[in-house]
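Participant: As input, take start39.cif (mmCIF, C-alpha atoms):
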data_query
loop_
_atom_site.label_atom_id
_atom_site.label_comp_id
_atom_site.auth_asym_id
_atom_site.auth_seq_id
_atom_site.Cartn_x
_atom_site.Cartn_y
_atom_site.Cartn_z
CA MET A 1 74.56 283.75 208.62
CA SER A 2 73.83 283.02 204.98
CA THR A 3 76.48 283.29 202.29
CA TRP A 4 74.88 286.47 201.03
CA ASP A 5 74.95 288.08 204.46
CA ARG A 6 78.59 287.13 204.82
CA PHE A 7 79.33 288.60 201.42
CA VAL A 8 77.63 291.90 202.31
CA GLU A 9 79.28 291.89 205.73
CA THR A 10 82.69 291.53 204.06
CA PHE A 11 82.48 293.73 200.98
CA PHE A 12 79.87 296.32 202.03
CA ASN A 13 80.45 296.52 205.76
CA ALA A 14 78.44 299.53 206.94
CA LYS A 15 80.58 300.22 210.01
CA VAL A 16 83.83 300.21 208.02
CA MET A 17 82.27 302.28 205.27
CA VAL A 18 81.07 304.99 207.63
CA LYS A 19 84.45 305.09 209.32
CA TYR A 20 86.44 305.52 206.12
CA LEU A 21 84.00 307.64 204.13
CA PRO A 22 85.83 310.91 205.02
CA ASP A 23 89.12 309.40 203.77
CA ILE A 24 87.57 308.39 200.46
CA LEU A 25 85.99 311.84 200.08
CA SER A 26 89.30 313.57 200.70
CA GLY A 27 90.81 311.17 198.16
CA MET A 28 88.17 312.31 195.67
CA VAL A 29 89.19 315.93 196.21
CA VAL A 30 92.84 315.07 195.51
CA THR A 31 91.85 313.09 192.40
CA ILE A 32 89.78 316.02 191.11
CA GLU A 33 92.61 318.50 191.79
CA LEU A 34 95.09 316.26 189.97
CA ALA A 35 92.71 315.67 187.06
CA VAL A 36 91.95 319.37 186.56
CA LEU A 37 95.64 320.31 186.71
CA ILE A 38 96.58 317.56 184.24
CA VAL A 39 93.84 318.42 181.74
CA LEU A 40 94.49 322.18 181.80
CA SER A 41 98.28 322.08 181.64
CA GLY A 42 98.46 319.06 179.32
CA LEU A 43 96.05 320.40 176.71
CA PHE A 44 97.56 323.89 176.90
CA ALA A 45 101.10 322.59 176.42
CA GLY A 46 99.92 320.34 173.58
CA LEU A 47 98.28 323.25 171.78
CA VAL A 48 101.35 325.45 172.24
CA LEU A 49 103.59 322.72 170.79
CA ALA A 50 101.25 322.24 167.81
CA LEU A 51 101.25 326.01 167.14
CA LEU A 52 105.04 326.14 167.41
CA ARG A 53 105.21 323.27 164.95
CA ALA A 54 103.10 325.30 162.51
CA LEU A 55 105.95 327.83 162.34
CA ALA A 56 107.84 325.12 160.42
CA ILE A 57 111.27 325.74 161.93
CA ARG A 58 113.11 322.51 161.08
CA PRO A 59 115.31 321.88 164.15
CA LEU A 60 112.48 322.97 166.48
CA ASN A 61 110.08 320.57 164.79
CA TRP A 62 112.50 317.70 165.15
CA LEU A 63 112.74 318.44 168.84
CA ILE A 64 108.94 318.62 169.20
CA ILE A 65 108.47 315.34 167.33
CA PHE A 66 111.08 313.65 169.50
CA VAL A 67 109.51 314.85 172.74
CA VAL A 68 106.05 313.81 171.56
CA ASP A 69 107.27 310.37 170.48
CA LEU A 70 109.09 309.94 173.77
CA PHE A 71 106.02 310.55 175.90
CA ARG A 72 103.86 308.45 173.63
CA SER A 73 106.13 305.43 173.90
CA LEU A 74 106.90 305.47 177.62
CA PRO A 75 104.29 303.93 179.94
CA PRO A 76 102.90 306.67 182.25
CA LEU A 77 103.81 304.64 185.34
CA VAL A 78 107.45 304.48 184.19
CA ILE A 79 107.53 308.28 183.80
CA ILE A 80 106.03 308.74 187.27
CA VAL A 81 108.54 306.37 188.86
CA LEU A 82 111.39 307.99 186.94
CA ILE A 83 110.48 311.49 188.13
CA TYR A 84 109.69 310.49 191.70
CA PHE A 85 112.59 308.12 192.36
CA GLY A 86 115.06 309.42 189.78
CA LEU A 87 115.01 313.21 190.09
CA PRO A 88 116.09 313.28 193.76
CA ALA A 89 119.48 311.99 192.56
CA ALA A 90 119.73 315.20 190.52
CA GLY A 91 118.95 317.29 193.60
CA VAL A 92 115.24 317.93 192.95
CA SER A 93 112.70 316.04 195.07
CA PRO A 94 109.20 316.52 193.68
CA SER A 95 106.34 315.21 195.82
CA GLY A 96 104.24 312.28 194.63
CA PHE A 97 101.49 314.71 193.69
CA VAL A 98 103.80 316.85 191.56
CA SER A 99 105.42 313.77 189.98
CA THR A 100 102.04 312.37 188.97
CA TRP A 101 100.81 315.72 187.73
CA LEU A 102 103.92 316.41 185.63
CA SER A 103 104.07 312.87 184.21
CA LEU A 104 100.47 312.71 183.08
CA ALA A 105 100.52 316.31 181.86
CA PHE A 106 103.53 315.42 179.66
CA VAL A 107 101.70 312.38 178.32
CA LEU A 108 98.55 314.38 177.58
CA MET A 109 100.70 317.10 176.01
CA ALA A 110 102.24 314.54 173.65
CA PHE A 111 98.96 312.95 172.60
CA SER A 112 97.10 316.25 172.25
CA GLU A 113 99.93 317.82 170.22
CA GLU A 114 99.59 314.97 167.73
CA ILE A 115 95.83 315.45 167.53
CA PHE A 116 95.99 319.28 167.30
CA TRP A 117 98.69 319.02 164.66
CA ALA A 118 96.69 316.53 162.61
CA GLY A 119 93.76 318.96 162.83
CA ILE A 120 95.87 321.89 161.66
CA THR A 121 97.38 319.98 158.72
CA SER A 122 93.93 318.82 157.65
CA ILE A 123 92.98 322.40 156.70
CA PRO A 124 93.62 322.75 152.93
CA LYS A 125 96.56 324.91 151.87
CA GLY A 126 94.21 327.04 149.76
CA GLN A 127 92.65 328.49 152.90
CA TRP A 128 96.06 329.61 154.16
CA GLU A 129 96.82 331.22 150.81
CA ALA A 130 93.41 332.84 150.56
CA SER A 131 93.55 334.43 154.00
CA ARG A 132 97.17 335.52 153.59
CA SER A 133 96.26 337.19 150.28
CA THR A 134 93.43 339.14 151.95
CA GLY A 135 96.08 340.70 154.16
CA LEU A 136 95.84 338.57 157.33
CA SER A 137 99.15 337.87 159.03
CA PHE A 138 100.44 334.34 159.65
CA GLY A 139 99.26 334.53 163.28
CA GLN A 140 95.84 335.89 162.34
CA THR A 141 95.36 333.17 159.75
CA LEU A 142 96.31 330.50 162.25
CA ILE A 143 94.11 331.82 165.07
CA ASN A 144 91.09 333.07 163.14
CA VAL A 145 90.88 330.78 160.12
CA VAL A 146 92.69 327.52 160.69
CA LEU A 147 92.32 326.82 164.43
CA PRO A 148 88.52 327.16 164.70
CA GLN A 149 88.06 324.52 162.00
CA ALA A 150 90.93 322.35 163.24
CA LEU A 151 89.69 322.32 166.83
CA ARG A 152 86.23 321.16 165.85
CA LEU A 153 87.82 318.25 164.03
CA THR A 154 89.97 317.27 166.99
CA ILE A 155 87.27 317.19 169.65
CA PRO A 156 86.18 313.52 169.44
CA PRO A 157 89.68 311.96 169.51
CA LEU A 158 90.77 314.53 172.10
CA THR A 159 88.00 313.78 174.61
CA ASN A 160 88.75 310.04 174.44
CA ARG A 161 92.47 310.54 175.05
CA THR A 162 91.88 313.06 177.81
CA ILE A 163 89.61 310.68 179.72
CA ALA A 164 92.00 307.75 179.30
CA ILE A 165 94.96 309.78 180.56
CA THR A 166 93.06 311.48 183.40
CA LYS A 167 92.03 308.05 184.73
CA GLY A 168 95.77 307.53 185.19
CA THR A 169 95.61 309.67 188.35
CA ALA A 170 95.12 306.30 190.08
CA LEU A 171 98.78 305.60 189.28
CA GLY A 172 99.67 308.28 191.84
CA THR A 173 99.01 305.69 194.52
CA VAL A 174 102.34 304.05 193.58
CA VAL A 175 104.19 307.20 194.68
CA ALA A 176 102.07 307.68 197.81
CA VAL A 177 99.62 310.30 196.55
CA ALA A 178 96.56 310.26 198.83
CA GLU A 179 94.07 310.07 195.98
CA ILE A 180 91.08 307.71 195.92
CA LEU A 181 92.95 304.45 195.34
CA GLY A 182 95.69 305.37 197.81
CA GLN A 183 93.15 306.21 200.53
CA ALA A 184 91.15 303.06 199.79
CA SER A 185 94.20 300.79 199.86
CA SER A 186 95.49 302.09 203.17
CA ALA A 187 91.98 301.87 204.64
CA VAL A 188 91.84 298.22 203.54
CA SER A 189 95.09 297.41 205.28
CA ASN A 190 94.04 299.33 208.42
CA SER A 191 90.59 297.75 208.72
CA TYR A 192 91.47 294.41 207.17
CA ASN A 193 88.23 294.69 205.24
CA PRO A 194 87.75 295.28 201.49
CA SER A 195 84.77 297.62 201.84
CA PRO A 196 86.86 300.81 201.40
CA LEU A 197 88.05 299.41 198.07
CA MET A 198 84.44 299.02 196.96
CA MET A 199 83.81 302.62 198.02
CA GLY A 200 86.88 303.73 196.10
CA ALA A 201 85.63 301.90 193.01
CA ALA A 202 82.26 303.61 193.40
CA ALA A 203 83.99 306.98 193.80
CA TYR A 204 85.77 306.55 190.46
CA LEU A 205 82.48 305.72 188.77
CA VAL A 206 80.82 308.76 190.34
CA LEU A 207 83.60 310.99 188.99
CA PHE A 208 84.25 309.46 185.58
CA LEU A 209 80.95 307.90 184.38
CA PRO A 210 79.31 311.30 183.77
CA VAL A 211 82.40 312.36 181.82
CA VAL A 212 82.32 309.19 179.71
CA VAL A 213 78.61 309.59 178.98
CA ALA A 214 79.15 313.26 178.09
CA ALA A 215 82.03 312.20 175.82
CA ARG A 216 79.76 309.75 174.02
CA TRP A 217 77.33 312.59 173.38
CA ILE A 218 80.09 314.93 172.20
CA GLU A 219 81.40 312.19 169.94
CA THR A 220 78.11 311.85 168.09
CA LYS A 221 77.60 315.61 167.96
CA PHE A 222 81.00 316.33 166.45
CA ALA A 223 81.28 313.08 164.50
CA TRP A 224 82.91 313.27 161.11
CA LYS A 225 80.39 313.12 158.32
CA ARG A 226 81.48 310.20 156.20
CA MET B 1 124.93 313.11 187.01
CA ILE B 2 126.26 310.19 184.94
CA GLU B 3 127.11 308.48 188.22
CA SER B 4 123.47 308.41 189.31
CA PHE B 5 121.65 308.01 185.98
CA PHE B 6 123.93 306.09 183.57
CA ASN B 7 126.31 304.36 185.92
CA PRO B 8 128.16 301.81 183.72
CA GLU B 9 129.16 299.62 186.66
CA ILE B 10 125.56 299.36 187.79
CA ILE B 11 124.36 298.69 184.25
CA ALA B 12 126.84 295.83 184.00
CA ALA B 13 125.69 294.43 187.35
CA ILE B 14 121.91 294.65 186.94
CA TRP B 15 121.70 293.93 183.21
CA PRO B 16 120.49 290.31 183.69
CA ILE B 17 117.70 291.40 186.08
CA VAL B 18 116.40 294.03 183.67
CA LEU B 19 116.72 291.67 180.70
CA ALA B 20 114.60 289.07 182.50
CA GLY B 21 112.02 291.82 183.02
CA LEU B 22 112.05 292.70 179.33
CA LEU B 23 111.47 289.06 178.46
CA ASN B 24 108.51 288.90 180.84
CA THR B 25 107.05 292.12 179.45
CA VAL B 26 107.18 290.65 175.94
CA LEU B 27 105.64 287.37 177.13
CA LEU B 28 102.96 289.20 179.12
CA SER B 29 102.10 291.32 176.07
CA LEU B 30 101.88 288.21 173.90
CA ILE B 31 99.29 286.87 176.33
CA VAL B 32 97.22 289.96 177.17
CA VAL B 33 96.95 291.41 173.65
CA PRO B 34 95.23 288.29 172.21
CA LEU B 35 93.11 288.08 175.38
CA GLY B 36 91.96 291.67 174.93
CA LEU B 37 91.31 291.10 171.23
CA LEU B 38 89.24 288.04 172.08
CA GLY B 39 87.21 290.02 174.61
CA GLY B 40 86.79 292.80 172.06
CA LEU B 41 85.69 290.41 169.34
CA ILE B 42 83.04 288.93 171.62
CA LEU B 43 81.71 292.40 172.46
CA ALA B 44 81.77 293.55 168.82
CA LEU B 45 79.91 290.44 167.66
CA LEU B 46 77.33 290.92 170.42
CA ALA B 47 76.89 294.50 169.23
CA THR B 48 75.71 293.24 165.84
CA VAL B 49 72.59 291.96 167.61
CA HIS B 50 70.33 294.99 167.33
CA HIS B 51 68.10 294.20 170.27
CA PRO B 52 67.63 296.71 173.12
CA LEU B 53 68.17 293.94 175.68
CA VAL B 54 71.64 293.37 174.24
CA ARG B 55 72.42 296.91 173.18
CA TRP B 56 71.91 298.71 176.49
CA PRO B 57 73.79 296.34 178.79
CA LEU B 58 76.60 296.32 176.23
CA MET B 59 76.79 300.12 176.19
CA ALA B 60 76.77 300.17 180.00
CA TRP B 61 79.55 297.55 180.07
CA VAL B 62 81.76 299.52 177.71
CA ASP B 63 81.11 302.85 179.47
CA PHE B 64 81.86 301.22 182.81
CA PHE B 65 85.31 300.15 181.71
CA ARG B 66 86.00 303.46 179.98
CA ALA B 67 85.31 305.18 183.30
CA PHE B 68 87.13 302.67 185.52
CA PRO B 69 90.93 303.03 185.86
CA PRO B 70 92.65 299.74 184.97
CA LEU B 71 94.85 299.99 188.05
CA VAL B 72 91.78 300.17 190.31
CA LEU B 73 90.37 297.07 188.60
CA LEU B 74 93.67 295.29 189.10
CA VAL B 75 93.93 296.23 192.79
CA LEU B 76 90.29 295.28 193.30
CA LEU B 77 90.99 291.78 191.94
CA PHE B 78 94.33 291.43 193.70
CA ALA B 79 93.44 292.84 197.13
CA GLY B 80 89.66 292.34 197.14
CA LEU B 81 89.13 288.77 195.93
CA PRO B 82 91.20 287.13 198.71
CA PHE B 83 88.51 288.35 201.13
CA ALA B 84 86.05 286.21 199.17
CA GLY B 85 88.40 283.27 199.63
CA LEU B 86 89.80 283.52 196.12
CA GLU B 87 93.54 284.09 195.92
CA LEU B 88 94.53 284.39 192.27
CA GLY B 89 98.08 285.73 192.22
CA GLY B 90 99.36 288.76 190.37
CA PHE B 91 99.65 287.20 186.96
CA ALA B 92 96.08 285.83 186.83
CA CYS B 93 94.75 289.18 188.10
CA VAL B 94 96.58 291.02 185.32
CA ALA B 95 95.18 288.61 182.74
CA ILE B 96 91.59 289.02 183.97
CA ALA B 97 91.83 292.80 184.34
CA PHE B 98 93.26 293.16 180.84
CA PHE B 99 90.66 290.83 179.34
CA LEU B 100 87.92 293.05 180.82
CA ASN B 101 89.46 296.50 180.43
CA THR B 102 91.26 296.32 177.11
CA GLY B 103 88.51 294.06 175.78
CA ALA B 104 86.07 296.96 176.16
CA TYR B 105 88.38 299.27 174.17
CA TYR B 106 89.10 296.71 171.44
CA GLY B 107 85.36 296.01 171.33
CA GLU B 108 84.51 299.64 170.56
CA ILE B 109 87.11 299.74 167.80
CA LEU B 110 86.01 296.47 166.20
CA ARG B 111 82.37 297.54 166.43
CA ALA B 112 83.17 300.72 164.51
CA GLY B 113 85.01 298.56 161.96
CA ILE B 114 82.05 296.23 161.50
CA ASP B 115 79.73 299.24 161.15
CA SER B 116 81.96 300.61 158.40
CA VAL B 117 81.27 297.63 156.13
CA PRO B 118 78.15 298.38 154.05
CA ALA B 119 75.12 296.19 154.90
CA GLY B 120 74.69 295.37 151.20
CA GLN B 121 77.78 293.20 151.36
CA VAL B 122 76.32 290.94 154.03
CA GLU B 123 73.05 290.75 152.08
CA ALA B 124 74.94 289.85 148.92
CA GLY B 125 76.95 287.22 150.78
CA ARG B 126 73.86 285.77 152.40
CA SER B 127 72.04 285.60 149.07
CA THR B 128 74.85 283.53 147.55
CA GLY B 129 74.15 280.95 150.23
CA LEU B 130 76.68 281.85 152.94
CA SER B 131 75.51 281.44 156.51
CA ARG B 132 75.45 284.39 158.90
CA LEU B 133 78.67 283.19 160.50
CA GLN B 134 80.38 282.65 157.15
CA ALA B 135 79.36 286.11 155.94
CA MET B 136 80.77 287.62 159.13
CA THR B 137 84.01 285.62 159.02
CA TYR B 138 84.82 285.83 155.33
CA ILE B 139 83.24 289.12 154.21
CA VAL B 140 82.73 291.55 157.09
CA LEU B 141 85.57 290.91 159.56
CA PRO B 142 88.51 291.05 157.11
CA GLN B 143 87.36 294.45 155.82
CA ALA B 144 86.38 295.67 159.28
CA VAL B 145 89.83 294.92 160.66
CA ARG B 146 91.51 296.60 157.71
CA ASN B 147 89.37 299.73 158.09
CA VAL B 148 90.27 300.21 161.76
CA LEU B 149 93.80 298.84 161.67
CA PRO B 150 95.43 302.11 162.86
CA ASP B 151 93.08 302.25 165.87
CA LEU B 152 93.73 298.60 166.67
CA MET B 153 97.46 299.20 166.55
CA SER B 154 97.21 302.32 168.66
CA ASN B 155 95.23 300.42 171.29
CA THR B 156 97.77 297.61 171.19
CA LEU B 157 100.50 300.16 171.93
CA GLU B 158 98.51 301.30 174.96
CA VAL B 159 98.04 297.70 176.10
CA VAL B 160 101.76 296.96 175.93
CA LYS B 161 102.47 300.13 177.92
CA LEU B 162 99.79 299.11 180.39
CA THR B 163 101.59 295.85 181.20
CA SER B 164 103.80 298.04 183.43
CA LEU B 165 100.87 298.00 185.90
CA GLY B 166 101.86 294.40 186.57
CA SER B 167 104.65 295.83 188.72
CA VAL B 168 102.07 296.92 191.30
CA VAL B 169 100.95 293.33 191.89
CA ALA B 170 104.50 291.91 191.83
CA VAL B 171 104.50 290.49 188.31
CA PRO B 172 108.22 290.50 187.44
CA GLU B 173 107.93 292.52 184.22
CA LEU B 174 110.34 295.24 183.08
CA LEU B 175 109.31 298.03 185.46
CA PHE B 176 109.10 295.68 188.45
CA GLN B 177 112.54 294.25 187.78
CA ALA B 178 113.99 297.73 187.30
CA ARG B 179 112.54 298.88 190.62
CA GLN B 180 113.94 295.79 192.32
CA ALA B 181 117.36 296.59 190.87
CA GLN B 182 116.97 300.21 191.93
CA SER B 183 116.26 299.29 195.54
CA LEU B 184 119.23 296.92 195.52
CA THR B 185 121.64 299.55 194.21
CA TYR B 186 120.12 302.79 195.60
CA ASN B 187 120.63 304.23 192.14
CA ALA B 188 118.26 305.48 189.43
CA THR B 189 120.23 303.86 186.61
CA PRO B 190 118.04 300.71 186.39
CA ILE B 191 114.87 302.79 185.92
CA VAL B 192 116.53 304.97 183.29
CA LEU B 193 117.63 301.77 181.57
CA ALA B 194 114.07 300.40 181.68
CA ALA B 195 112.72 303.66 180.24
CA ILE B 196 115.24 303.49 177.40
CA ILE B 197 114.25 299.88 176.68
CA TYR B 198 110.54 300.78 176.60
CA PHE B 199 111.32 303.66 174.27
CA LEU B 200 113.42 301.58 171.87
CA LEU B 201 110.80 298.83 171.93
CA LEU B 202 107.81 301.04 171.19
CA TRP B 203 109.21 303.96 169.22
CA PRO B 204 108.91 302.28 165.79
CA LEU B 205 105.23 301.63 166.45
CA VAL B 206 104.66 305.22 167.62
CA ARG B 207 106.34 306.59 164.47
CA LEU B 208 104.23 304.38 162.22
CA LEU B 209 101.04 305.31 164.06
CA SER B 210 101.66 309.01 163.92
CA ARG B 211 102.00 308.76 160.13
CA LEU B 212 98.80 306.72 159.82
CA GLU B 213 96.84 309.02 162.15
CA ASN B 214 97.87 312.20 160.38
CA ARG B 215 96.73 310.71 157.11
CA ALA B 216 93.47 309.43 158.58
CA LEU B 217 92.42 312.73 160.16
CA ALA B 218 93.40 314.71 157.07
CA GLY B 219 91.45 312.34 154.85
CA ARG B 220 88.28 312.50 156.89
CA ARG B 221 87.21 316.00 156.05
#
For this file, write the structure as structure tokens.

Facilitator:
Amino acid sequence: MSTWDRFVETFFNAKVMVKYLPDILSGMVVTIELAVLIVLSGLFAGLVLALLRALAIRPLNWLIIFVVDLFRSLPPLVIIVLIYFGLPAAGVSPSGFVSTWLSLAFVLMAFSEEIFWAGITSIPKGQWEASRSTGLSFGQTLINVVLPQALRLTIPPLTNRTIAITKGTALGTVVAVAEILGQASSAVSNSYNPSPLMMGAAAYLVLFLPVVVAARWIETKFAWKR
Amino acid sequence: MIESFFNPEIIAAIWPIVLAGLLNTVLLSLIVVPLGLLGGLILALLATVHHPLVRWPLMAWVDFFRAFPPLVLLVLLFAGLPFAGLELGGFACVAIAFFLNTGAYYGEILRAGIDSVPAGQVEAGRSTGLSRLQAMTYIVLPQAVRNVLPDLMSNTLEVVKLTSLGSVVAVPELLFQARQAQSLTYNATPIVLAAIIYFLLLWPLVRLLSRLENRALAGRR
């Protein structure tokens, strides 16, 4: 057996790959579920916080800024571990899936609030005054005048952040979520062969490469004109 | 509640373990941040070569690491390489994974910085007799770094946070030490303590960044 054959036999073992393909596929489903939940809830919560901040209620804004800063400074893995291993002491025992979802949704909420807020503040005051003087309410001005412009501005930084945080679903493996990495790791220890890990790596590329390429396209399409 | 999250007796007992972790997190950051910057600088300098044979592989390289979770890369090195007869240990795996992964991110930022310096400046520098390398080192790079400083800092924040992945491959950094202490005491206090330390360590940087970012986005219209 040549070195190359041995290499293929070890890292791309067909028998092992066929055996564990269903596991990896089910891991992909879990990863997709997690990712979709995180993106939807994280971006929604971030937008809500940014809109609340636009109301300019002092104590509320301080609270929002603190929460945002908190989730920007804590490593996502620390938040996951804290929720999964810490909360049971307070009588709540979230599953690994829920812990990962909540943690990464909080992180995305924090980062997207910052970006949404920066977008909102970038709209000149004159536009607020102009639309208020034409008889639009505060809410109407925010929704119909300010947000459409602000959102366009936030799309490039937002897509980058969202991808970076969504990739964090792999962290779920630390709290026993059966997503791609978790499935691949347990398959490696069951088969004593690294091929499932290679499949897992490929699975991540299949899921995330199209998103990254699409993000690149979005980035150039919505790029700021300098 | 206080008993299980801020237990003073446990804090007193496990303080040295967590402190050792903090020290290792700082040391690890001092190693992986320059490594990532070095990787990024290499990529950004390669990107100044406007040849399709350089450009396309480079784009593919960067996109690959933007799509690939750093933890998967780390596990691949840590659990995969031994099958090829190469046992590197957790620390070396972290260093390699960070060089590759964060290098790709730093590279994109530095590339944007280099692009932001007008070409006329290089031409002017070259015409006064500076070599290509001199023009890059003395004219382009200082301005490039200044132009993208907020992005560089923001990525550095992410890199420091990412060192917590070391805990998965048994590098005794802050999170790993806290989890050790937690399993010794059956109490969540050590992890809460670690979280507080991370927060105190990184909050000043987050505050500074949020000011810079607000200004940058507002100024870009």

Participant: With all atoms of segment 194-212 of chain A from the file as input, state the centre and edge lengths in Å to one decimal of the axis-aligned box that has 8 Å extra on each side, as JSON.

Facilitator:
{"center_x": 83.7, "center_y": 303.8, "center_z": 190.8, "size_x": 24.7, "size_y": 33.1, "size_z": 38.1}

Participant: For the point (105.7, 304.8, 179.6) in file coordinates, what residues are within 12 Å, counting only C-alpha atoms? Give the answer as a count of residues only?

Facilitator: 46

Participant: Could you give me, as a Markdown table, a per-residue list for chain A showing, wherever an atom lies at most 8 Å from an atom of chain B, the closest pair of atoms and their distance in Å to one decimal, using only C-alpha atoms and sorting by chain then residue number from low to high?

Facilitator:
| residue | atom | partner | partner_atom | distance |
| --- | --- | --- | --- | --- |
| A:Phe7 | CA | B:Ala84 | CA | 7.5 |
| A:Thr10 | CA | B:Phe83 | CA | 7.3 |
| A:Asp69 | CA | B:Val206 | CA | 6.4 |
| A:Leu70 | CA | B:Phe199 | CA | 6.7 |
| A:Arg72 | CA | B:Val206 | CA | 6.9 |
| A:Ser73 | CA | B:Leu202 | CA | 5.4 |
| A:Leu74 | CA | B:Phe199 | CA | 5.8 |
| A:Pro75 | CA | B:Lys161 | CA | 4.7 |
| A:Pro76 | CA | B:Lys161 | CA | 7.9 |
| A:Leu77 | CA | B:Ser164 | CA | 6.9 |
| A:Val78 | CA | B:Ala195 | CA | 6.6 |
| A:Ile79 | CA | B:Ala195 | CA | 7.8 |
| A:Val81 | CA | B:Ile191 | CA | 7.8 |
| A:Leu82 | CA | B:Ile191 | CA | 6.3 |
| A:Phe85 | CA | B:Ala188 | CA | 6.9 |
| A:Gly86 | CA | B:Ala188 | CA | 5.1 |
| A:Ala89 | CA | B:Ser4 | CA | 6.3 |
| A:Ala90 | CA | B:Met1 | CA | 6.6 |
| A:Glu114 | CA | B:Ser210 | CA | 7.4 |
| A:Ala118 | CA | B:Asn214 | CA | 5.0 |
| A:Gly119 | CA | B:Leu217 | CA | 6.9 |
| A:Thr121 | CA | B:Ala218 | CA | 6.8 |
| A:Ser122 | CA | B:Ala218 | CA | 4.2 |
| A:Ile123 | CA | B:Ala218 | CA | 7.7 |
| A:Ile163 | CA | B:Ala67 | CA | 7.8 |
| A:Ala164 | CA | B:Arg66 | CA | 7.4 |
| A:Lys167 | CA | B:Pro69 | CA | 5.3 |
| A:Gly168 | CA | B:Pro69 | CA | 6.6 |
| A:Ala170 | CA | B:Leu71 | CA | 6.6 |
| A:Leu171 | CA | B:Leu71 | CA | 7.0 |
| A:Val174 | CA | B:Val168 | CA | 7.5 |
| A:Leu181 | CA | B:Val72 | CA | 6.7 |
| A:Asn193 | CA | B:Phe83 | CA | 7.6 |
| A:Pro194 | CA | B:Gly80 | CA | 5.6 |
| A:Leu197 | CA | B:Leu76 | CA | 6.7 |
| A:Met198 | CA | B:Leu76 | CA | 7.8 |
| A:Ala201 | CA | B:Val72 | CA | 6.9 |
| A:Tyr204 | CA | B:Phe68 | CA | 6.4 |
| A:Leu205 | CA | B:Ala67 | CA | 6.2 |
| A:Phe208 | CA | B:Ala67 | CA | 5.0 |
| A:Leu209 | CA | B:Ala67 | CA | 5.3 |
| A:Val211 | CA | B:Ala67 | CA | 7.9 |
| A:Val212 | CA | B:Ala67 | CA | 6.2 |
| A:Val213 | CA | B:Asp63 | CA | 7.2 |
| A:Trp224 | CA | B:Arg220 | CA | 6.9 |
| A:Lys225 | CA | B:Arg221 | CA | 7.7 |
| A:Arg226 | CA | B:Arg220 | CA | 7.2 |

Participant: Excluding segment 20-24 of chain B and its own-chain neighbours fewer than 3 positions away, which residues fall within 7 Å of it when counting all atoms listed in the file? Please give them as a list in words.

Facilitator: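 Contacts, with the query itself left out: Pro16, Ile17, Leu27, Leu28, Pro172, Glu173, Leu174 and Gln177 of chain B.
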
Participant: So the first atom is atom CA of Arg6 of chain A and the second is atom CA of Trp61 of chain B; what is the distance between them in Å, to one decimal place?

Facilitator: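 A separation of 26.9 Å between them.
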
Participant: Residues near segment 33-41 of chain A, anyone? I mean within 7 Å using all atoms listed in the file, not counting same-chain ones fewer than 4 positions away, as a list in words.

Facilitator: Val29, Ala45, Trp101, Leu104, Ala105, Thr162, Thr166 and Thr169 of chain A

Participant: What's the 8 Å shell around Met109 of chain A, counting only C-alpha atoms, without same-chain residues fewer than 5 positions away, as a list in words?

Facilitator: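 Everything that qualifies: Ser41, Gly42, Leu43, Phe44, Ala45, Gly46, Leu47 and Val68 of chain A.
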
Participant: Just give me the gap between atom CA of Trp117 of chain A and atom CA of Thr154 of chain A in Å, one decimal is fine.

Facilitator: 9.2 Å

Participant: Give me the residues within 9 Å of segment 105-109 of chain B as a PDB file with C-alpha atoms, in the frame of the given file, counting all atoms listed in the file and dropping any in the same chain fewer than 6 places off.

Facilitator:
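Dumped everything to selection09.pdb:
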ATOM      1  CA  GLY B  36      91.960 291.670 174.930  1.00  0.00           C
ATOM      2  CA  LEU B  37      91.310 291.100 171.230  1.00  0.00           C
ATOM      3  CA  LEU B  38      89.240 288.040 172.080  1.00  0.00           C
ATOM      4  CA  GLY B  39      87.210 290.020 174.610  1.00  0.00           C
ATOM      5  CA  GLY B  40      86.790 292.800 172.060  1.00  0.00           C
ATOM      6  CA  LEU B  41      85.690 290.410 169.340  1.00  0.00           C
ATOM      7  CA  ILE B  42      83.040 288.930 171.620  1.00  0.00           C
ATOM      8  CA  LEU B  43      81.710 292.400 172.460  1.00  0.00           C
ATOM      9  CA  ALA B  44      81.770 293.550 168.820  1.00  0.00           C
ATOM     10  CA  LEU B  45      79.910 290.440 167.660  1.00  0.00           C
ATOM     11  CA  ALA B  47      76.890 294.500 169.230  1.00  0.00           C
ATOM     12  CA  VAL B  62      81.760 299.520 177.710  1.00  0.00           C
ATOM     13  CA  PHE B  65      85.310 300.150 181.710  1.00  0.00           C
ATOM     14  CA  ARG B  66      86.000 303.460 179.980  1.00  0.00           C
ATOM     15  CA  VAL B 148      90.270 300.210 161.760  1.00  0.00           C
ATOM     16  CA  ASP B 151      93.080 302.250 165.870  1.00  0.00           C
ATOM     17  CA  LEU B 152      93.730 298.600 166.670  1.00  0.00           C
ATOM     18  CA  ASN B 155      95.230 300.420 171.290  1.00  0.00           C
ATOM     19  CA  THR B 156      97.770 297.610 171.190  1.00  0.00           C
TER      20      THR B 156
END

Participant: Run the PyMOL selection byres ((chain B and resi 90-101) around 6) on the file and write out the hits as an MDAnalysis selection string.

Facilitator: chainID B and resid 35:36 39 65 74 77 88:89 102:104 169 171

Participant: For atom CA of Ser133 of chain A and atom CA of Pro148 of chain A, quote the distance in Å rounded to one decimal.

Facilitator: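 Atom-to-atom, atom CA of Ser133 of chain A to atom CA of Pro148 of chain A, that is 19.2 Å.
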